[in-house]
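Only one structure is covered here, and it is reproduced in the block below.
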Amino acid sequence: MKLLIVSGLSGSGKSIALDTLEDCGYYCIDNLPVTLLEDFINHVMLVDKLTYAKTAIGIDARNQSESLISFSDSLALIRNKKIDCEIIFMQAEETTLLKRYSETRRRHPLTDLNVPLREALAIEKEMLTPIARHASVIIDTSRTHYHQLRELIRERIGERHVRHISLQFQSFGFKHGVPLDADFVFDARSLPNPYWIPELRGLTGKDQPVIDFLNEQELVAELFKDVTGFLERWIPRFEAEGRSYLTVAIGCTGGQHRSVYLVDALARQFKGPFLNVIVRHRELQ
């Protein structure tokens with residue numbers, strides 16, 4: 001039996017994630033109190049194993065803080081019953097969340113006359129720390145729109161083939177910030193930059209002239225070899241520890257040339273029957 005617990009900050013996309021999982025065949029329940037988790041497992045999931053073979057439960061800050069503090073105990077009880085349980089935690093930068101609430105004009109569940117939105121976001125983040133601490137995968141949606149998030153959920157969780165680990169390669173530009181959900185970040189800014197060649201400036205790492213240019217650079221080949229060797233050594237160790245997801249981010253200045261080229265090259269290198277390889281070019285999206 002498979003149980004996904006979906007949690008995260010309000011406005012980060014939990015509802016979209018649950019809707020996507022429902023489309024992928026999961027029985028989804030939103031805002032189940034943590035105190036009812038054990039009863040739900042014992043009296044619902046284990047009683048009707050066919051209906052609830054794939055279940056996703058949303059847990060958020062609408063729970064009382066006391067029950068969230070005891071989340072670790074509830075999680076241990078679930079896993080003692082031999083249920084495959086993973087936790088997806090969703091987050092976004094504060095400025096992004098403030099903008100989303102401003103645009104939708106929805107009320108944050110923790111705001112009231114004495115608690116403004118910014119303070120409510122800080123309180124919520126602290127309340128959900130016991131869940132975030134156990135997250136199998138953290139998804140940052142600061143620069144992800146509706147359709148991208150649905151595709152990301154389908155790729156990483158909902159329709160993942162039965163393989164050992166899901167490996168996401170992501171390119172980004174340092175000038176736009178480091179991805180918050182990355183497990184490893186590699187810096188490609190020391191490599192020769194196609195941006196300074198006028199005929200290559202308007203292209204990306206997906207265009208053949210840029211690919212040809214970077215293929216000829218010895219430093220590019222050395223970094224690719226070093227990153228490949230590092231991952232080949234450590235991915236099996238993460239698998240041995242039970243990790244299902246791993247995000248490797250490659251950054252350059254703008255996220256257009258070097259990082260895109262390296263991510264595509266790494267994806268080709270690691271794509272195979274035992275790895276679910278996902279490619280995401282943040283700045284190109």
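Ordering of the structure tokens sets the chain letters (A, B, ...); residue numbers start at 1 within each chain; ligands are numbered from 1 in the order shown.
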Need the shell around segment 273-283 of chain A: protein/DNA/RNA residues with any atom at most 7 Å away, counting only C-alpha atoms. Skip same-chain ones fewer than 6 positions apart. Format as a PDB file with C-alpha atoms, in the first residue's frame?
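Wrote out_24.pdb, looks like this:
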ATOM      1  CA  ARG A 163      12.596   2.392 -10.619  1.00  0.00           C
ATOM      2  CA  HIS A 164      15.161   2.821  -7.910  1.00  0.00           C
ATOM      3  CA  ILE A 165      15.298   6.596  -7.665  1.00  0.00           C
ATOM      4  CA  SER A 166      13.867   9.696  -9.352  1.00  0.00           C
ATOM      5  CA  LEU A 167      16.724  11.981 -10.423  1.00  0.00           C
ATOM      6  CA  GLN A 168      15.947  15.555 -11.461  1.00  0.00           C
ATOM      7  CA  PHE A 169      18.521  17.711 -13.242  1.00  0.00           C
ATOM      8  CA  GLN A 170      17.700  21.416 -13.132  1.00  0.00           C
ATOM      9  CA  SER A 171      19.457  24.359 -14.759  1.00  0.00           C
ATOM     10  CA  PHE A 172      19.170  27.830 -13.256  1.00  0.00           C
ATOM     11  CA  GLY A 173      20.714  31.294 -13.238  1.00  0.00           C
ATOM     12  CA  GLY A 255      20.708  30.056 -16.726  1.00  0.00           C
ATOM     13  CA  GLN A 256      20.644  30.177 -20.527  1.00  0.00           C
ATOM     14  CA  VAL A 260      21.374  24.180 -19.865  1.00  0.00           C
ATOM     15  CA  ALA A 267      20.427  13.658 -18.346  1.00  0.00           C
TER      16      ALA A 267
END
Residues flagged strand (DSSP E) by DSSP in segment 135-252 of chain A, as a VMD selection string: chain A and resid 137 to 140 165 to 173 184 to 187 245 to 252
Atom CA of Ile235 of chain A to atom CA of Val220 of chain A, distance in Å rounded to a single decimal: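 Spanning atom CA of Ile235 of chain A to atom CA of Val220 of chain A is a straight-line distance of 22.1 Å.
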Proximity to Met127 of chain A - best of A:Leu223, A:Ile139, A:Leu149, A:Ile69, only C-alpha atoms: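 Result for the nearest residue to Met127 of chain A: A:Ile69.
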Which residue of A:Glu103, A:Glu151, A:Glu222, A:Glu93 approaches Ser190 of chain A most closely, using only C-alpha atoms: A:Glu222
Residue set, segment 180-219 of chain A restricted to alpha helix (DSSP H), as a PyMOL selection string: chain A and resi 198-201+208-215+218-219
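Counting only C-alpha atoms, Leu3 of chain A has the following residues at most 10 Å away, ignoring those fewer than 2 positions along the same chain: Met1, Ile5, Val6, Tyr26, Tyr27, Cys28, Ile41, Met45, Tyr52, Ala53, Lys54, Thr55, Ala56, Ile57, Ile78, Ile83, Asp84, Cys85, Glu86 and Ile87 of chain A.
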Residues near Ser12 of chain A, cut-off 7 Å, only C-alpha atoms, skip fewer than 5 positions along chain, as a ChimeraX atom specification: /A:90-92,141
Near-Leu117 of chain A list (8 Å; only C-alpha atoms; drop same-chain fewer than 3 positions) as a ChimeraX atom specification: /A:98,108,111,120-121
Take the residues from that selection and put them in a file with C-alpha atoms, as a PDB file, in the first residue's frame.
ATOM      1  CA  LEU A  98       2.621  37.434  -0.543  1.00  0.00           C
ATOM      2  CA  HIS A 108      -4.510  32.854   5.005  1.00  0.00           C
ATOM      3  CA  THR A 111      -4.464  35.500   9.834  1.00  0.00           C
ATOM      4  CA  ALA A 120       1.081  34.338   9.646  1.00  0.00           C
ATOM      5  CA  LEU A 121       3.489  32.941   7.039  1.00  0.00           C
TER       6      LEU A 121
END
